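Chemist: Mind looking over this structure? Questions follow.
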Amino acid sequence: AQSVTQLDSQVPVFEEAPVELRCNYSSSVSVYLFWYVQYPNQGLQLLLKYLSGSTLVKGINGFEAEFNKSQTSFHLRKPSVHISDTAEYFCAVRRLSGGYNKLIFGAGTRLAVHP
Amino acid sequence: GAVVSQHPSWVICKSGTSVKIECRSLDFQATTMFWYRQFPKQSLMLMATSNEGSKATYEQGVEKDKFLINHASLTLSTLTVTSAHPEDSSFYICSARPGGGRLTDTQYFGPGTRLTVL
C-alpha cells in the first residue's frame with residue numbers, strides 16, 4: 001500500500017519570501033507523484049507531476065518540485081510567493097503497475113502568505 | 001485545457017431526501033470518473049471509481065446503496081446521495097480521466113459540490 005505524509009499542516013510565510021512544502025511517501029512499488037492546489041471552495045488544480053525522467057519538475061505559477069528517490073520525497077518549492085498563492089496544497093501518489101490506480105493524497109498543507 | 005464541471009455547486013436539503021450531483025467532462029471523453037469526499041480541513045477520500053457503462057467500484061467502508069453512482073455516458077457521471085442525513089454533509093468532488101488509455105493520463109478535477117443536510 002502507498003501512503004503520503006505532508007509534514008507541515010500549516011506554513012505561514014511573508015510575501016516575496018521563498019517557501020518549501022514537504023512531502024514524503026511510502027511505497028513498495030514505483031509511483032507517479034503529483035502536487036495539487038485547492039483554493040477555498042474549489043476543486044483541485046494540478047500544479048505539477050513527476051512521471052519519469054528529470055527529477056526536477058517545473059509546474060505552473062512558478063512552482064517546482066524535486067523527486068528524491070533515496071529519501072522518498074517530493075518537496076514543492078517556490079522562490080518568491082505572492083498573496084494569491086494562499087491555498088491548500090496536496091501531495092499525491094499513484095502506483096505505476098497493475099493498471100490505472102487511484103490517487104493517494106496527503107493530508108494537505110495550508111500555505112498562508114502574509115503581506 | 002480539460003474542464004470538468006459539477007452541478008450544483010451547492011445544495012441544501014432536508015434529512016431523508018435524496019440529492020443528485022452531476023459531473024461532466026466538457027471538452028473530452030472520460031473513460032473513468034472518480035468521486036471524492038472532503039471534510040472540512042481534511043484531505044480527499046476516494047469514495048468510488050466509475051467506468052462508463054459498468055458498475056462503479058466502491059472503496060471499503062463506502063455504502064453503495066447510499067451513494068449511487070451512474071456513469072451513463074463518456075461525459076457524464078452522477079452521484080446520488082439517498083436518504084441523506086446531516087452526517088452526509090460534506091464537499092463532494094469528482095475527477096475525470098481522459099480516454100487516452102495511458103497509465104500516465106492526468107485526472108482533471110471538478111470544482112466540487114457543497115452538500116448541507118438539515
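Order determines the names: the first chain of the C-alpha cells is A, the second B, and so forth; residues in each chain are numbered 1 upward, and ligands are numbered 1 upward as they are shown.
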Please provide as an MDAnalysis selection string all residues within 6 Å of Arg37 (chain B), with the sequence filter that same-chain residues fewer than 5 positions apart are discarded (counting only C-alpha atoms).

Modeler: chainID B and resid 44:45 91:92

Chemist: Within 12 Å of Glu59 (chain B), counting only C-alpha atoms, which residues show up once you throw out same-chain ones fewer than 2 positions away? Write them as number ranges by chain, please.

Modeler: A: 102; B: 34-37, 45-50, 56-57, 61-64, 67

Chemist: Next, dump the selected residues to file, keeping only C-alpha atoms, as an mmCIF file, in the first residue's frame.

Modeler:
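In the end it all went to result.cif:
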data_model
loop_
_atom_site.group_PDB
_atom_site.id
_atom_site.type_symbol
_atom_site.label_atom_id
_atom_site.label_comp_id
_atom_site.auth_asym_id
_atom_site.auth_seq_id
_atom_site.Cartn_x
_atom_site.Cartn_y
_atom_site.Cartn_z
ATOM 1 C CA LYS A 102 -6.226 5.593 -7.628
ATOM 2 C CA PHE B 34 -13.796 9.308 -9.613
ATOM 3 C CA TRP B 35 -15.867 10.579 -6.713
ATOM 4 C CA TYR B 36 -14.226 12.007 -3.613
ATOM 5 C CA ARG B 37 -15.471 13.310 -0.318
ATOM 6 C CA MET B 45 -11.133 10.494 0.408
ATOM 7 C CA LEU B 46 -11.897 8.412 -2.645
ATOM 8 C CA MET B 47 -15.423 7.027 -2.483
ATOM 9 C CA ALA B 48 -15.720 5.184 -5.769
ATOM 10 C CA THR B 49 -14.416 4.759 -9.280
ATOM 11 C CA SER B 50 -16.823 4.566 -12.187
ATOM 12 C CA ALA B 56 -18.918 1.555 -10.005
ATOM 13 C CA THR B 57 -16.215 0.173 -7.751
ATOM 14 C CA GLY B 61 -16.450 1.417 4.038
ATOM 15 C CA VAL B 62 -18.495 3.339 1.455
ATOM 16 C CA GLU B 63 -22.123 2.241 1.289
ATOM 17 C CA LYS B 64 -23.000 1.609 -2.333
ATOM 18 C CA PHE B 67 -24.139 6.638 -2.628
#

Chemist: Only residues of chain B matter here; which ones have an atom within 12 Å of chain A, counting only C-alpha atoms? Give them as a ChimeraX atom specification.

Modeler: /B:1-6,9-10,31-51,57-59,90-115

Chemist: Take the selection from the previous step and output its residues with C-alpha atoms, as a tab-separated table (two decimals), in the first residue's frame.

Modeler:
chain	number	residue	atom	x	y	z
B	1	GLY	CA	-7.39	22.66	-21.28
B	2	ALA	CA	-9.55	19.87	-19.97
B	3	VAL	CA	-12.53	21.13	-17.99
B	4	VAL	CA	-14.74	19.24	-15.57
B	5	SER	CA	-17.92	20.80	-14.26
B	6	GLN	CA	-20.16	19.87	-11.37
B	9	SER	CA	-22.14	23.89	-6.80
B	10	TRP	CA	-24.00	23.85	-3.51
B	31	THR	CA	-13.45	6.63	-19.62
B	32	THR	CA	-13.16	6.80	-15.87
B	33	MET	CA	-14.57	9.18	-13.30
B	34	PHE	CA	-13.80	9.31	-9.61
B	35	TRP	CA	-15.87	10.58	-6.71
B	36	TYR	CA	-14.23	12.01	-3.61
B	37	ARG	CA	-15.47	13.31	-0.32
B	38	GLN	CA	-13.72	16.01	1.64
B	39	PHE	CA	-14.49	17.01	5.21
B	40	PRO	CA	-13.53	20.49	6.45
B	41	LYS	CA	-9.79	20.98	6.69
B	42	GLN	CA	-9.13	17.39	5.65
B	43	SER	CA	-7.84	15.61	2.62
B	44	LEU	CA	-9.81	13.98	-0.16
B	45	MET	CA	-11.13	10.49	0.41
B	46	LEU	CA	-11.90	8.41	-2.65
B	47	MET	CA	-15.42	7.03	-2.48
B	48	ALA	CA	-15.72	5.18	-5.77
B	49	THR	CA	-14.42	4.76	-9.28
B	50	SER	CA	-16.82	4.57	-12.19
B	51	ASN	CA	-16.22	3.41	-15.71
B	57	THR	CA	-16.21	0.17	-7.75
B	58	TYR	CA	-16.62	1.42	-4.20
B	59	GLU	CA	-13.89	1.88	-1.65
B	90	SER	CA	-19.60	17.37	3.04
B	91	PHE	CA	-17.79	18.67	-0.02
B	92	TYR	CA	-18.07	16.21	-2.89
B	93	ILE	CA	-15.53	16.42	-5.70
B	94	CYS	CA	-15.37	14.45	-8.91
B	95	SER	CA	-12.48	13.92	-11.26
B	96	ALA	CA	-12.29	12.55	-14.77
B	97	ARG	CA	-9.65	10.64	-16.67
B	98	PRO	CA	-9.45	11.28	-20.41
B	99	GLY	CA	-9.97	8.29	-22.64
B	100	GLY	CA	-6.37	8.02	-23.82
B	101	GLY	CA	-5.91	4.64	-22.26
B	102	ARG	CA	-2.47	5.52	-20.95
B	103	LEU	CA	-1.27	4.95	-17.43
B	104	THR	CA	0.13	8.47	-17.47
B	105	ASP	CA	-3.29	10.07	-18.07
B	106	THR	CA	-3.89	13.04	-15.78
B	107	GLN	CA	-7.09	13.31	-13.78
B	108	TYR	CA	-8.95	16.60	-14.02
B	109	PHE	CA	-10.98	17.73	-11.06
B	110	GLY	CA	-14.34	19.43	-10.89
B	111	PRO	CA	-14.98	22.48	-8.70
B	112	GLY	CA	-16.85	20.48	-6.07
B	113	THR	CA	-20.36	20.43	-4.64
B	114	ARG	CA	-21.09	21.55	-1.11
B	115	LEU	CA	-23.89	19.44	0.39

Chemist: So which bits of region 2-99 of chain A end up strand (DSSP E or B) when you DSSP the backbone, as a count of residues only?

Modeler: 52

Chemist: List as a ChimeraX atom specification the protein and nucleic acid residues near Thr72 (chain A), meaning an atom at most 9 Å away when only C-alpha atoms are counted, but skip any in the same chain fewer than 5 places from it.

Modeler: /A:23-27,67

Chemist: DSSP on the backbone: which residues in chain A end up as helix (DSSP H, G or I)? Give the answer as a list in words.

Modeler: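 Restricting chain A to helix (DSSP H, G or I) produces Ile60, Asn61, Gly62, Ile83, Ser84 and Asp85 of chain A.
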
Chemist: CA of Asp85 (chain A) to CA of Asn68 (chain A): how many Å, to one decimal?

Modeler: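 Separation between CA of Asp85 (chain A) and CA of Asn68 (chain A): 24.5 Å.
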
Chemist: When you look at Val19 (chain A) with a cut-off of 7 Å (counting only C-alpha atoms), what residues show up, excluding the ones that are within fewer than 3 positions of it in the same chain? I need them as a PyMOL selection string.

Modeler: chain A and resi 77-79

Chemist: So that I can check the surroundings of region 11-15 of chain A, please list as a VMD selection string every protein, DNA and RNA residue that reaches within 7 Å of it, counting only C-alpha atoms and ignoring chain neighbours fewer than 6 positions away.

Modeler: chain A and resid 81 to 83 109 to 115

Chemist: Just the number, please: distance in Å from CA of Pro8 (chain B) to CA of Thr86 (chain A), one decimal.

Modeler: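 Pair CA of Pro8 (chain B) / CA of Thr86 (chain A) returns 25.6 Å.
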
Chemist: Please indicate the distance in Å from CA of Ser15 (chain B) to CA of Pro86 (chain B), rounded to one decimal place.

Modeler: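 Going from CA of Ser15 (chain B) over to CA of Pro86 (chain B), I get 6.6 Å.
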
Chemist: Find the residues near Thr78 (chain B): any atom within 7 Å, counting only C-alpha atoms, skip ones fewer than 5 places away on the same chain, and give them as number ranges by chain.

Modeler: B: 20-23, 69-71
